[in-house]
>>> print(open('entry.txt').read())   # compact mmCIF, C-alpha atoms
# COMPACT_ATOMS: atom_id res chain seq x y z
CA MET A 937 -8.85 23.63 5.39
CA GLY A 938 -9.40 24.75 8.94
CA VAL A 939 -8.94 22.56 11.93
CA ALA A 940 -11.71 20.74 13.71
CA GLY A 941 -12.06 20.30 17.43
CA ILE A 942 -10.50 17.95 19.90
CA ARG A 943 -9.77 14.36 19.14
CA GLY A 944 -12.71 12.30 20.25
CA GLY A 945 -12.62 9.79 23.04
CA ASP A 946 -15.04 7.91 25.20
CA HIS A 947 -16.11 10.84 27.34
CA ARG A 948 -18.54 8.57 29.14
CA SER A 949 -15.77 6.44 30.65
CA CYS A 950 -13.04 9.08 30.94
CA GLY A 951 -15.07 11.91 32.42
CA GLY A 952 -14.27 14.31 29.60
CA ILE A 953 -16.40 17.22 28.52
CA PRO A 954 -19.13 15.95 26.17
CA ARG A 955 -19.88 17.93 23.06
CA GLY A 956 -23.27 18.64 21.57
CA ILE A 957 -24.23 18.35 17.94
CA GLY A 958 -21.97 20.41 15.70
CA TRP A 959 -18.69 22.09 16.54
CA VAL A 960 -17.90 23.06 20.11
CA TRP A 961 -14.82 25.16 20.68
CA MET A 962 -12.98 25.61 23.96
CA ALA A 963 -10.05 27.99 23.75
CA HIS A 964 -8.81 27.34 27.26
CA GLU A 965 -10.31 23.95 28.15
CA THR A 966 -8.86 20.48 27.89
CA ARG A 967 -10.67 17.26 27.19
CA SER A 968 -10.10 13.77 28.51
CA ARG A 969 -9.59 10.93 26.06
CA PRO A 970 -8.51 7.31 26.42
CA ASN A 971 -5.03 6.30 25.43
CA ASP A 972 -4.13 2.93 23.94
CA ARG A 973 -4.26 1.25 27.34
CA GLY A 974 -7.57 2.79 28.34
CA ILE A 975 -5.97 5.41 30.63
CA CYS A 976 -7.39 8.92 30.41
CA GLN A 977 -5.21 11.69 29.12
CA HIS A 978 -5.85 15.20 27.87
CA ALA A 979 -5.77 16.76 24.43
CA ARG A 980 -6.02 20.50 23.88
CA ALA A 981 -8.64 22.07 21.65
CA ARG A 982 -7.67 23.73 18.40
CA GLU A 983 -8.77 26.91 16.73
CA LYS A 984 -12.20 27.19 15.17
CA PRO A 985 -12.24 27.02 11.36
CA THR A 986 -14.12 29.56 9.31
CA GLU A 987 -16.80 28.57 6.81
CA GLN A 988 -14.48 29.74 4.03
CA SER A 989 -11.68 27.49 5.24
CA LEU A 990 -14.02 24.51 5.48
CA LEU A 991 -15.15 24.97 1.89
CA ARG A 992 -11.63 25.33 0.50
CA ARG A 993 -10.68 22.07 -1.16
CA CYS A 994 -7.72 20.22 0.23
CA ASN A 995 -5.54 17.50 -1.25
CA TYR A 996 -5.51 15.40 1.88
CA THR A 997 -3.50 12.61 0.25
CA ASP A 998 -0.39 14.76 -0.26
CA GLY A 999 1.27 14.69 3.11
CA ARG A 1000 3.27 12.71 5.65
CA TRP A 1001 2.90 10.84 8.92
CA VAL A 1002 4.02 12.89 11.91
CA PRO A 1003 4.38 11.92 15.58
CA ASP A 1004 1.21 12.40 17.61
CA ARG A 1005 1.61 12.03 21.35
CA THR A 1006 -2.14 12.10 22.02
CA GLY A 1007 -2.60 8.54 20.77
CA PRO A 1008 -5.67 6.79 19.35
CA LEU A 1009 -9.14 8.19 18.89
CA TYR A 1010 -10.97 5.44 20.77
CA ASN A 1011 -10.46 2.74 23.35
CA TYR A 1012 -9.93 -0.74 21.95
CA THR A 1013 -11.46 -2.31 25.05
CA ALA A 1014 -14.71 -0.37 24.64
CA CYS A 1015 -15.34 -0.85 20.91
CA THR A 1016 -17.35 -4.01 20.28
CA THR A 1017 -17.20 -3.96 16.48
CA ILE A 1018 -13.47 -4.69 16.11
CA LYS A 1019 -12.86 -8.00 14.39
CA PRO A 1020 -10.79 -10.18 16.76
CA GLY A 1021 -8.04 -10.57 14.17
CA GLN A 1022 -7.52 -6.80 14.06
CA ASN A 1023 -7.70 -6.08 17.78
CA CYS A 1024 -3.93 -6.11 18.06
CA LEU A 1025 -3.60 -4.83 21.63
CA ALA A 1026 -6.14 -7.32 22.92
CA ASN A 1027 -4.18 -10.04 21.13
CA GLY A 1028 -1.03 -9.12 23.01
CA ARG A 1029 0.88 -6.81 20.69
CA PRO A 1030 3.47 -5.34 23.08
CA ASP A 1031 4.52 -2.19 21.20
CA THR A 1032 2.22 0.85 21.00
CA GLY A 1033 4.31 3.26 18.96
CA TYR A 1034 2.23 2.58 15.85
CA LEU A 1035 -0.69 4.30 17.60
CA ARG A 1036 1.15 7.59 17.91
CA TRP A 1037 1.24 8.91 14.39
CA GLN A 1038 -1.10 11.32 12.65
CA TRP A 1039 -1.51 12.04 8.95
CA LYS A 1040 -0.60 15.64 8.14
CA PRO A 1041 -1.51 16.97 4.66
CA THR A 1042 1.04 19.28 3.04
CA GLY A 1043 -1.09 22.27 2.11
CA CYS A 1044 -3.77 22.24 4.78
CA ARG A 1045 -4.81 20.69 8.07
CA LEU A 1046 -6.81 17.51 8.49
CA PRO A 1047 -9.46 18.09 11.15
CA LEU A 1048 -9.66 15.63 13.99
CA PHE A 1049 -12.58 13.24 13.76
CA SER A 1050 -15.84 14.40 15.32
CA PRO A 1051 -18.50 11.71 15.91
CA GLU A 1052 -21.06 14.45 16.46
CA ASP A 1053 -20.36 16.11 13.12
CA PHE A 1054 -20.33 12.84 11.22
CA LEU A 1055 -23.69 11.74 12.57
CA ARG A 1056 -25.17 15.20 12.16
CA LEU A 1057 -24.31 15.01 8.46
CA PHE A 1058 -25.85 11.53 8.29
CA THR A 1059 -29.08 12.27 10.09
CA ASN A 1060 -31.76 10.20 8.31
CA LYS A 1061 -29.14 8.92 5.84
CA HIS A 1062 -27.53 5.61 4.92
CA LEU A 1063 -23.77 5.05 4.43
CA ALA A 1064 -22.68 1.76 2.86
CA PHE A 1065 -19.22 0.21 2.59
CA VAL A 1066 -19.06 -2.14 -0.39
CA GLY A 1067 -16.16 -4.40 -1.25
CA ASP A 1068 -13.73 -6.84 0.29
CA SER A 1069 -12.26 -7.13 3.79
CA MET A 1070 -10.57 -3.73 3.40
CA ALA A 1071 -14.02 -2.15 3.10
CA ARG A 1072 -15.04 -4.04 6.24
CA ASN A 1073 -11.83 -2.94 8.01
CA GLN A 1074 -12.64 0.71 7.28
CA ALA A 1075 -16.29 0.31 8.29
CA GLU A 1076 -15.31 -1.20 11.64
CA SER A 1077 -12.85 1.64 12.19
CA LEU A 1078 -15.64 4.16 11.55
CA LEU A 1079 -17.99 2.38 13.92
CA CYS A 1080 -15.36 2.55 16.66
CA LEU A 1081 -14.83 6.25 16.03
CA LEU A 1082 -18.56 6.92 16.24
CA ALA A 1083 -19.19 4.60 19.18
CA ALA A 1084 -16.79 6.68 21.28
CA ALA A 1085 -19.72 9.07 21.64
CA TYR A 1086 -22.85 7.24 20.46
CA THR A 1087 -23.91 3.60 20.70
CA PRO A 1088 -24.94 1.81 17.49
CA GLU A 1089 -27.44 -1.04 17.36
CA LEU A 1090 -26.73 -4.01 15.13
CA VAL A 1091 -30.04 -4.49 13.31
CA TYR A 1092 -29.06 -6.96 10.59
CA ARG A 1093 -26.51 -9.73 10.19
CA ASP A 1094 -26.17 -12.34 7.50
CA GLY A 1095 -23.53 -14.45 5.81
CA GLU A 1096 -20.42 -16.29 6.92
CA ASP A 1097 -18.03 -14.24 9.04
CA ASN A 1098 -20.60 -11.41 9.33
CA LYS A 1099 -20.09 -10.38 5.72
CA PHE A 1100 -23.37 -8.44 5.61
CA ARG A 1101 -24.19 -6.22 8.58
CA ARG A 1102 -26.13 -3.07 9.34
CA TRP A 1103 -26.09 -0.72 12.31
CA VAL A 1104 -28.36 2.16 13.25
CA PHE A 1105 -27.46 5.15 15.42
CA HIS A 1106 -30.93 5.88 16.75
CA SER A 1107 -29.87 9.28 18.09
CA HIS A 1108 -29.67 10.48 14.46
CA ASN A 1109 -31.48 7.73 12.57
CA ALA A 1110 -28.16 7.20 10.78
CA THR A 1111 -27.44 3.84 9.16
CA VAL A 1112 -24.05 2.22 8.42
CA SER A 1113 -23.93 -0.99 6.38
CA VAL A 1114 -21.29 -3.41 5.15
CA TYR A 1115 -21.81 -5.38 1.93
CA TRP A 1116 -19.37 -8.18 1.12
CA SER A 1117 -18.58 -7.88 -2.59
CA PRO A 1118 -14.87 -8.60 -3.21
CA PHE A 1119 -15.17 -8.15 -7.00
CA LEU A 1120 -17.85 -5.39 -6.99
CA VAL A 1121 -19.36 -7.26 -9.95
CA GLU A 1122 -21.14 -10.62 -9.86
CA GLY A 1123 -18.81 -13.42 -8.91
CA VAL A 1124 -18.45 -16.92 -7.56
CA GLU A 1125 -15.71 -17.35 -5.00
CA LYS A 1126 -13.34 -20.30 -5.21
CA SER A 1127 -14.16 -23.19 -2.90
CA ILE A 1128 -12.10 -26.28 -2.24
CA ALA A 1129 -15.18 -27.99 -0.81
CA ALA A 1130 -17.08 -27.35 -4.03
CA GLY A 1131 -14.13 -28.36 -6.20
CA LEU A 1132 -13.69 -24.86 -7.60
CA GLY A 1133 -10.04 -23.79 -7.52
CA HIS A 1134 -10.53 -20.34 -9.04
CA ASN A 1135 -12.92 -17.41 -8.80
CA LYS A 1136 -15.47 -16.60 -11.49
CA LEU A 1137 -16.12 -12.95 -12.35
CA TYR A 1138 -18.94 -11.66 -14.56
CA LEU A 1139 -17.52 -8.32 -15.56
CA ASP A 1140 -20.61 -6.84 -17.21
CA VAL A 1141 -22.96 -7.33 -14.26
CA ALA A 1142 -22.73 -5.36 -11.02
CA ASP A 1143 -23.17 -7.43 -7.87
CA LYS A 1144 -26.89 -7.24 -7.18
CA LYS A 1145 -26.39 -7.82 -3.44
CA TRP A 1146 -25.41 -4.16 -3.12
CA ALA A 1147 -26.40 -2.63 -6.47
CA GLY A 1148 -30.00 -3.66 -5.92
CA GLU A 1149 -30.11 -1.66 -2.70
CA MET A 1150 -28.56 1.54 -4.04
CA PRO A 1151 -31.89 3.42 -4.11
CA ALA A 1152 -31.88 3.26 -0.28
CA ILE A 1153 -28.20 4.30 0.07
CA ASP A 1154 -27.10 7.95 0.19
CA VAL A 1155 -23.30 7.56 0.30
CA VAL A 1156 -21.42 4.47 -0.86
CA VAL A 1157 -17.73 3.71 -0.33
CA LEU A 1158 -16.40 1.21 -2.87
CA SER A 1159 -13.24 -0.56 -1.71
CA ALA A 1160 -11.87 -3.67 -3.42
CA GLY A 1161 -8.73 -4.91 -5.12
CA HIS A 1162 -6.88 -7.70 -3.36
CA TRP A 1163 -9.20 -10.47 -4.56
CA PHE A 1164 -8.38 -9.63 -8.18
CA LEU A 1165 -4.90 -11.04 -7.62
CA HIS A 1166 -6.28 -14.55 -7.07
CA PRO A 1167 -6.73 -17.18 -9.84
CA ALA A 1168 -9.91 -16.44 -11.76
CA VAL A 1169 -11.88 -16.97 -14.96
CA PHE A 1170 -13.56 -13.92 -16.47
CA PHE A 1171 -16.88 -13.75 -18.31
CA GLU A 1172 -18.62 -11.13 -20.43
CA GLU A 1173 -21.94 -11.53 -22.24
CA GLY A 1174 -22.13 -15.10 -21.04
CA GLY A 1175 -18.80 -16.22 -22.51
CA VAL A 1176 -15.26 -16.64 -21.22
CA VAL A 1177 -12.97 -13.76 -22.18
CA GLY A 1178 -9.84 -14.95 -20.40
CA CYS A 1179 -8.38 -15.87 -17.05
CA HIS A 1180 -5.67 -15.09 -14.55
CA HIS A 1181 -3.21 -17.70 -13.27
CA CYS A 1182 -5.07 -20.68 -14.72
CA PRO A 1183 -2.44 -22.93 -16.37
CA GLU A 1184 -4.65 -25.98 -15.97
CA LEU A 1185 -7.44 -24.40 -18.03
CA ASN A 1186 -7.59 -23.84 -21.78
CA HIS A 1187 -8.17 -20.10 -21.49
CA THR A 1188 -6.14 -17.06 -22.50
CA GLU A 1189 -4.14 -15.48 -19.70
CA ILE A 1190 -5.12 -11.79 -19.56
CA GLY A 1191 -3.87 -10.80 -16.11
CA PHE A 1192 -6.04 -8.73 -13.79
CA PHE A 1193 -5.36 -5.03 -14.44
CA ASP A 1194 -7.88 -4.61 -17.27
CA VAL A 1195 -10.31 -6.84 -15.40
CA TYR A 1196 -10.05 -4.63 -12.34
CA ARG A 1197 -10.66 -1.57 -14.51
CA LYS A 1198 -13.82 -3.10 -16.02
CA ALA A 1199 -15.17 -4.13 -12.63
CA VAL A 1200 -14.55 -0.69 -11.11
CA ARG A 1201 -16.16 1.00 -14.12
CA LYS A 1202 -19.25 -1.21 -13.94
CA ALA A 1203 -19.55 -0.67 -10.18
CA MET A 1204 -19.41 3.12 -10.47
CA MET A 1205 -21.99 3.08 -13.25
CA ALA A 1206 -24.28 0.93 -11.11
CA ALA A 1207 -23.81 3.16 -8.06
CA ALA A 1208 -24.54 6.30 -10.07
CA ALA A 1209 -27.54 4.83 -11.85
CA ALA A 1210 -29.76 5.29 -8.79
CA GLY A 1211 -29.21 9.07 -8.93
CA ASN A 1212 -28.65 11.64 -6.17
CA LYS A 1213 -25.75 9.74 -4.64
CA TYR A 1214 -22.27 10.47 -3.35
CA VAL A 1215 -19.94 7.73 -4.59
CA VAL A 1216 -16.53 7.41 -2.92
CA ALA A 1217 -13.98 4.98 -4.36
CA ALA A 1218 -11.11 4.05 -2.04
CA THR A 1219 -7.83 3.40 -3.83
CA PHE A 1220 -5.73 0.26 -3.35
CA SER A 1221 -4.16 -0.31 0.07
CA PRO A 1222 -0.76 -2.07 -0.34
CA SER A 1223 0.27 -5.04 1.77
CA HIS A 1224 3.65 -5.15 3.54
CA PHE A 1225 4.84 -8.74 3.51
CA GLU A 1226 8.61 -9.02 3.71
CA GLY A 1227 9.68 -12.53 2.79
CA GLU A 1228 7.46 -15.53 3.51
CA TRP A 1229 3.97 -14.84 4.84
CA ASP A 1230 4.23 -17.43 7.63
CA LYS A 1231 7.68 -16.47 8.87
CA ALA A 1232 8.22 -14.53 12.09
CA GLY A 1233 8.79 -10.86 11.29
CA ALA A 1234 6.90 -10.88 7.97
CA CYS A 1235 5.72 -7.37 8.79
CA GLY A 1236 7.56 -6.55 11.96
CA ARG A 1237 8.49 -2.90 11.43
CA LYS A 1238 7.75 -0.56 14.32
CA LYS A 1239 7.67 2.82 12.55
CA PRO A 1240 6.37 4.35 9.31
CA TYR A 1241 8.73 4.55 6.36
CA ARG A 1242 10.65 7.79 6.14
CA GLU A 1243 10.12 10.00 3.11
CA GLY A 1244 12.03 8.47 0.19
CA GLU A 1245 12.75 5.23 2.06
CA LYS A 1246 10.16 3.19 0.15
CA GLU A 1247 9.18 3.30 -3.52
CA MET A 1248 5.70 2.20 -4.50
CA GLU A 1249 5.62 -1.28 -6.05
CA TYR A 1250 4.59 -1.59 -9.70
CA MET A 1251 1.42 -3.56 -8.97
CA ASP A 1252 0.31 -1.18 -6.23
CA ARG A 1253 0.87 1.80 -8.51
CA GLU A 1254 -1.10 0.25 -11.37
CA MET A 1255 -4.05 -0.60 -9.11
CA TRP A 1256 -3.97 2.95 -7.75
CA LYS A 1257 -3.76 4.41 -11.24
CA ILE A 1258 -6.71 2.39 -12.52
CA MET A 1259 -8.99 3.54 -9.71
CA VAL A 1260 -7.99 7.19 -10.00
CA GLU A 1261 -8.44 7.17 -13.78
CA GLU A 1262 -11.82 5.47 -13.62
CA VAL A 1263 -13.05 7.88 -10.96
CA ALA A 1264 -12.04 10.79 -13.18
CA VAL A 1265 -13.88 9.30 -16.17
CA ALA A 1266 -17.00 8.58 -14.13
CA ALA A 1267 -16.99 12.01 -12.49
CA GLU A 1268 -16.67 13.68 -15.88
CA ARG A 1269 -19.51 11.57 -17.25
CA GLU A 1270 -21.83 12.52 -14.41
CA SER A 1271 -20.91 16.21 -14.49
CA GLY A 1272 -21.60 16.24 -18.23
CA ARG A 1273 -25.19 15.28 -17.56
CA GLY A 1274 -25.77 18.64 -15.91
CA SER A 1275 -29.03 19.07 -14.04
CA GLY A 1276 -30.26 15.82 -15.56
CA GLY A 1277 -27.40 13.86 -13.98
CA GLY A 1278 -29.42 13.04 -10.89
CA GLY A 1279 -27.12 14.87 -8.48
CA VAL A 1280 -24.43 12.17 -8.55
CA ARG A 1281 -20.94 13.05 -7.34
CA ILE A 1282 -18.00 10.65 -7.64
CA GLU A 1283 -14.63 11.11 -5.92
CA ALA A 1284 -11.59 9.05 -4.98
CA LEU A 1285 -10.53 8.44 -1.39
CA ASP A 1286 -6.85 8.23 -2.31
CA VAL A 1287 -5.15 6.29 0.47
CA THR A 1288 -2.53 4.30 -1.46
CA ARG A 1289 0.54 6.36 -0.64
CA MET A 1290 -0.38 7.04 2.98
CA ALA A 1291 -1.09 3.31 3.43
CA MET A 1292 2.19 2.36 1.74
CA MET A 1293 4.09 4.40 4.34
CA ARG A 1294 2.69 2.41 7.30
CA PRO A 1295 4.26 -1.09 7.42
CA ASP A 1296 3.99 -0.88 11.20
CA GLY A 1297 0.19 -0.75 11.34
CA HIS A 1298 -0.72 -4.36 10.48
CA PRO A 1299 -1.65 -7.12 12.93
CA GLY A 1300 1.19 -9.35 11.73
CA PRO A 1301 1.28 -12.34 14.12
CA TYR A 1302 -1.12 -10.55 16.47
CA MET A 1303 -4.00 -11.50 14.24
CA ASN A 1304 -4.24 -14.34 16.76
CA ARG A 1305 -4.34 -14.18 20.54
CA ASN A 1306 -0.92 -14.29 22.23
CA PRO A 1307 0.89 -15.93 19.29
CA PHE A 1308 4.17 -16.27 21.21
CA ALA A 1309 2.73 -17.48 24.49
CA GLY A 1310 4.70 -20.72 24.15
CA GLY A 1311 7.92 -18.93 23.30
CA PRO A 1312 9.52 -17.73 20.03
CA LYS A 1313 8.38 -19.44 16.82
CA GLU A 1314 10.04 -19.77 13.43
CA ARG A 1315 6.70 -20.09 11.65
CA VAL A 1316 3.64 -18.09 12.53
CA GLN A 1317 0.59 -16.87 10.64
CA ASN A 1318 0.79 -13.16 9.72
CA ASP A 1319 -1.68 -10.57 8.52
CA CYS A 1320 0.25 -7.86 6.69
CA VAL A 1321 -2.77 -6.65 4.68
CA HIS A 1322 -5.40 -5.43 7.12
CA TRP A 1323 -4.95 -2.76 9.77
CA CYS A 1324 -4.92 -2.89 13.54
CA LEU A 1325 -7.80 -1.10 15.27
CA PRO A 1326 -7.06 1.47 16.49
CA GLY A 1327 -4.53 2.13 13.75
CA PRO A 1328 -3.62 3.97 10.56
CA ILE A 1329 -6.95 3.22 8.86
CA ASP A 1330 -8.67 5.59 11.29
CA ALA A 1331 -7.12 8.41 9.23
CA TRP A 1332 -9.03 7.16 6.17
CA ASN A 1333 -12.24 8.01 8.01
CA GLU A 1334 -10.96 11.40 9.12
CA ILE A 1335 -10.50 12.20 5.43
CA LEU A 1336 -13.84 10.62 4.54
CA LEU A 1337 -15.59 12.92 7.01
CA GLU A 1338 -14.06 15.98 5.37
CA MET A 1339 -15.02 14.74 1.90
CA ILE A 1340 -18.60 14.24 3.04
CA ARG A 1341 -18.66 17.58 4.81
CA THR A 1342 -17.51 19.34 1.66
CA HIS A 1343 -20.00 17.37 -0.45
CA TYR A 1344 -23.00 18.39 1.63
CA TRP A 1345 -21.83 21.99 2.07
CA THR A 1346 -21.41 22.47 -1.68
>>> encode(input="entry.txt", output="structure tokens")
Amino acid sequence: MGVAGIRGGDHRSCGGIPRGIGWVWMAHETRSRPNDRGICQHARAREKPTEQSLLRRCNYTDGRWVPDRTGPLYNYTACTTIKPGQNCLANGRPDTGYLRWQWKPTGCRLPLFSPEDFLRLFTNKHLAFVGDSMARNQAESLLCLLAAAYTPELVYRDGEDNKFRRWVFHSHNATVSVYWSPFLVEGVEKSIAAGLGHNKLYLDVADKKWAGEMPAIDVVVLSAGHWFLHPAVFFEEGGVVGCHHCPELNHTEIGFFDVYRKAVRKAMMAAAAAGNKYVVAATFSPSHFEGEWDKAGACGRKKPYREGEKEMEYMDREMWKIMVEEVAVAAERESGRGSGGGGVRIEALDVTRMAMMRPDGHPGPYMNRNPFAGGPKERVQNDCVHWCLPGPIDAWNEILLEMIRTHYWT
């Protein structure tokens, strides 16, 4: 895979050289971009890729994190879509080394994100992120990457904690939506107020909140997994088929691996049913808690793991394996339909290993503003699941852009 242009930045605030639609190549020019503290710095352009190199498939997930002195792709002070709990620098995180790593695939190069190219590909199209808070985390990362060059308008908001939102980039009539659906299938979330101590999942029914809108969606990113670890009762055909972590109930304990598989399978079938879609399924993103979740230093590492330093946990590997296997089955099913398959393409956005290597990229205690303002604390709330913005998850969207580019070119 060839290399794309310069890392994007907010050229409006840094006085850089703005690019037009499509690739712009400057062999001897430099471009301004904001660093993690909002100070302009320069990044040098890279060589122009050929059409042949762009169409050559790349295994972007086989690679390593390498130092990147140019820093983040956008300015955290300028992006308005960052959830406060993931705006680590604004919350007082003192170290910035986690911002200076770039994912480098083994057999090819990962192009640097281009807001212009992404929106050009999505002119008059609708991209939807469907799933849990990891889907939302990735969507907000993408919006920051795009807003470095173009301003989105929030046109719809609904639900507690902004769980359903939609933005439009009027410059390209491009739409980005977030659908809260932590199980992908129909479900009832546990609620202490309602006296429900476990989730309810209906494994044979896709969540209509997003599945019912698939005809209007061109590309969907499915991303869920962490909610399947919680206590739950599972239903199929109107009856209970088992539960997970429910000792107080008279149901058979069946764990959550097979349940996750069924939910993913049903979701991909529902997404493909509308025809002429590109379905992207993000694999499981491991957490990095070390010890107790509310203890200082629960995820306090400052650098990525070195190669061979960390083995993937059994649960993380199984969740990854399930998604990859189900994507392969679904892709084979759709390809077997030939011209009558409705033009559906299904692929995995395989981020599990690259996410596993980044224990340094979580908010940790900086999910809250200035958590140590009163001095050191023995107990403090930590987020070792989601990702700081800017942060490692921005690389997910660099890969997503290349997947979409290849999809539309082929």
>>> residues_around(input="entry.txt", residues="segment 1251-1266 of chain A", least_positions_apart="2", cutoff="8 Å", atoms="all atoms listed in the file", output="mmCIF file with C-alpha atoms, in the frame of the given file")
data_model
loop_
_atom_site.group_PDB
_atom_site.id
_atom_site.type_symbol
_atom_site.label_atom_id
_atom_site.label_comp_id
_atom_site.auth_asym_id
_atom_site.auth_seq_id
_atom_site.Cartn_x
_atom_site.Cartn_y
_atom_site.Cartn_z
ATOM 1 C CA GLY A 1161 -8.730 -4.910 -5.120
ATOM 2 C CA PHE A 1193 -5.360 -5.030 -14.440
ATOM 3 C CA TYR A 1196 -10.050 -4.630 -12.340
ATOM 4 C CA ARG A 1197 -10.660 -1.570 -14.510
ATOM 5 C CA VAL A 1200 -14.550 -0.690 -11.110
ATOM 6 C CA ARG A 1201 -16.160 1.000 -14.120
ATOM 7 C CA MET A 1204 -19.410 3.120 -10.470
ATOM 8 C CA MET A 1205 -21.990 3.080 -13.250
ATOM 9 C CA ALA A 1217 -13.980 4.980 -4.360
ATOM 10 C CA ALA A 1218 -11.110 4.050 -2.040
ATOM 11 C CA THR A 1219 -7.830 3.400 -3.830
ATOM 12 C CA PHE A 1220 -5.730 0.260 -3.350
ATOM 13 C CA SER A 1221 -4.160 -0.310 0.070
ATOM 14 C CA PRO A 1222 -0.760 -2.070 -0.340
ATOM 15 C CA MET A 1248 5.700 2.200 -4.500
ATOM 16 C CA GLU A 1249 5.620 -1.280 -6.050
ATOM 17 C CA GLU A 1268 -16.670 13.680 -15.880
ATOM 18 C CA ARG A 1269 -19.510 11.570 -17.250
ATOM 19 C CA GLU A 1270 -21.830 12.520 -14.410
ATOM 20 C CA ILE A 1282 -18.000 10.650 -7.640
ATOM 21 C CA GLU A 1283 -14.630 11.110 -5.920
ATOM 22 C CA ALA A 1284 -11.590 9.050 -4.980
ATOM 23 C CA ASP A 1286 -6.850 8.230 -2.310
ATOM 24 C CA THR A 1288 -2.530 4.300 -1.460
#
>>> closest_residue(input="entry.txt", among="A:Gly1191, A:Pro1240, A:Asp1330, A:Thr1032", to="Arg1289 of chain A", atoms="only C-alpha atoms")
A:Pro1240
>>> atom_distance(input="entry.txt", atom1="atom CA of Ala1210 of chain A", atom2="atom CA of Lys1144 of chain A")
13.0 Å
>>> atom_distance(input="entry.txt", atom1="atom CA of Met1292 of chain A", atom2="atom CA of Ser1223 of chain A")
7.6 Å
>>> atom_distance(input="entry.txt", atom1="atom CA of Glu1228 of chain A", atom2="atom CA of Leu1165 of chain A")
17.2 Å
>>> residues_near_point(input="entry.txt", point="(0.3, -10.5, 9.2)", cutoff="9 Å", atoms="only C-alpha atoms", output="list in words")
His1224, Phe1225, Trp1229, Asp1230, Gly1233, Ala1234, Cys1235, Gly1236, His1298, Pro1299, Gly1300, Pro1301, Tyr1302, Met1303, Val1316, Gln1317, Asn1318, Asp1319, Cys1320, Val1321 and His1322 of chain A
>>> residues_around(input="entry.txt", residues="His1134 of chain A", least_positions_apart="2", cutoff="10 Å", atoms="only C-alpha atoms", output="number ranges by chain")
A: 1124-1128, 1131-1132, 1136-1137, 1166-1169, 1179-1182
>>> residues_around(input="entry.txt", residues="Glu1243 of chain A", least_positions_apart="3", cutoff="9 Å", atoms="all atoms listed in the file", output="number ranges by chain")
A: 1000, 1246, 1293
>>> write_last_selection(input="entry.txt", atoms="C-alpha atoms", output="PDB file, in the frame of the given file")
ATOM      1  CA  ARG A1000       3.270  12.710   5.650  1.00  0.00           C
ATOM      2  CA  LYS A1246      10.160   3.190   0.150  1.00  0.00           C
ATOM      3  CA  MET A1293       4.090   4.400   4.340  1.00  0.00           C
TER       4      MET A1293
END
>>> closest_residue(input="entry.txt", among="A:Thr1017, A:Arg1029, A:His1187, A:Trp1103", to="Ala1309 of chain A", atoms="all atoms listed in the file")
A:Arg1029
>>> closest_residue(input="entry.txt", among="A:Met1290, A:Val1121, A:Ala1147, A:Val1114", to="Lys1198 of chain A", atoms="only C-alpha atoms")
A:Val1121
>>> build_atoms(input="entry.txt", residues="segment 1049-1059 of chain A", atoms="N, CA and C atoms", output="compact mmCIF listing (two decimals), in the frame of the given file")
# COMPACT_ATOMS: atom_id res chain seq x y z
N PHE A 1049 -11.26 13.83 13.98
CA PHE A 1049 -12.58 13.24 13.76
C PHE A 1049 -13.56 13.65 14.85
N SER A 1050 -14.76 14.03 14.41
CA SER A 1050 -15.84 14.40 15.32
C SER A 1050 -17.02 13.47 15.11
N PRO A 1051 -17.32 12.56 16.04
CA PRO A 1051 -18.50 11.71 15.91
C PRO A 1051 -19.78 12.52 15.77
N GLU A 1052 -19.86 13.62 16.51
CA GLU A 1052 -21.06 14.45 16.46
C GLU A 1052 -21.28 15.02 15.07
N ASP A 1053 -20.22 15.53 14.45
CA ASP A 1053 -20.36 16.11 13.12
C ASP A 1053 -20.70 15.05 12.09
N PHE A 1054 -20.06 13.90 12.19
CA PHE A 1054 -20.33 12.84 11.22
C PHE A 1054 -21.80 12.44 11.27
N LEU A 1055 -22.31 12.19 12.46
CA LEU A 1055 -23.69 11.74 12.57
C LEU A 1055 -24.68 12.86 12.26
N ARG A 1056 -24.29 14.09 12.55
CA ARG A 1056 -25.17 15.20 12.16
C ARG A 1056 -25.34 15.24 10.65
N LEU A 1057 -24.24 15.02 9.92
CA LEU A 1057 -24.31 15.01 8.46
C LEU A 1057 -25.12 13.82 7.95
N PHE A 1058 -25.16 12.74 8.73
CA PHE A 1058 -25.85 11.53 8.29
C PHE A 1058 -27.20 11.33 8.96
N THR A 1059 -27.74 12.38 9.54
CA THR A 1059 -29.08 12.27 10.09
C THR A 1059 -30.06 11.85 9.01
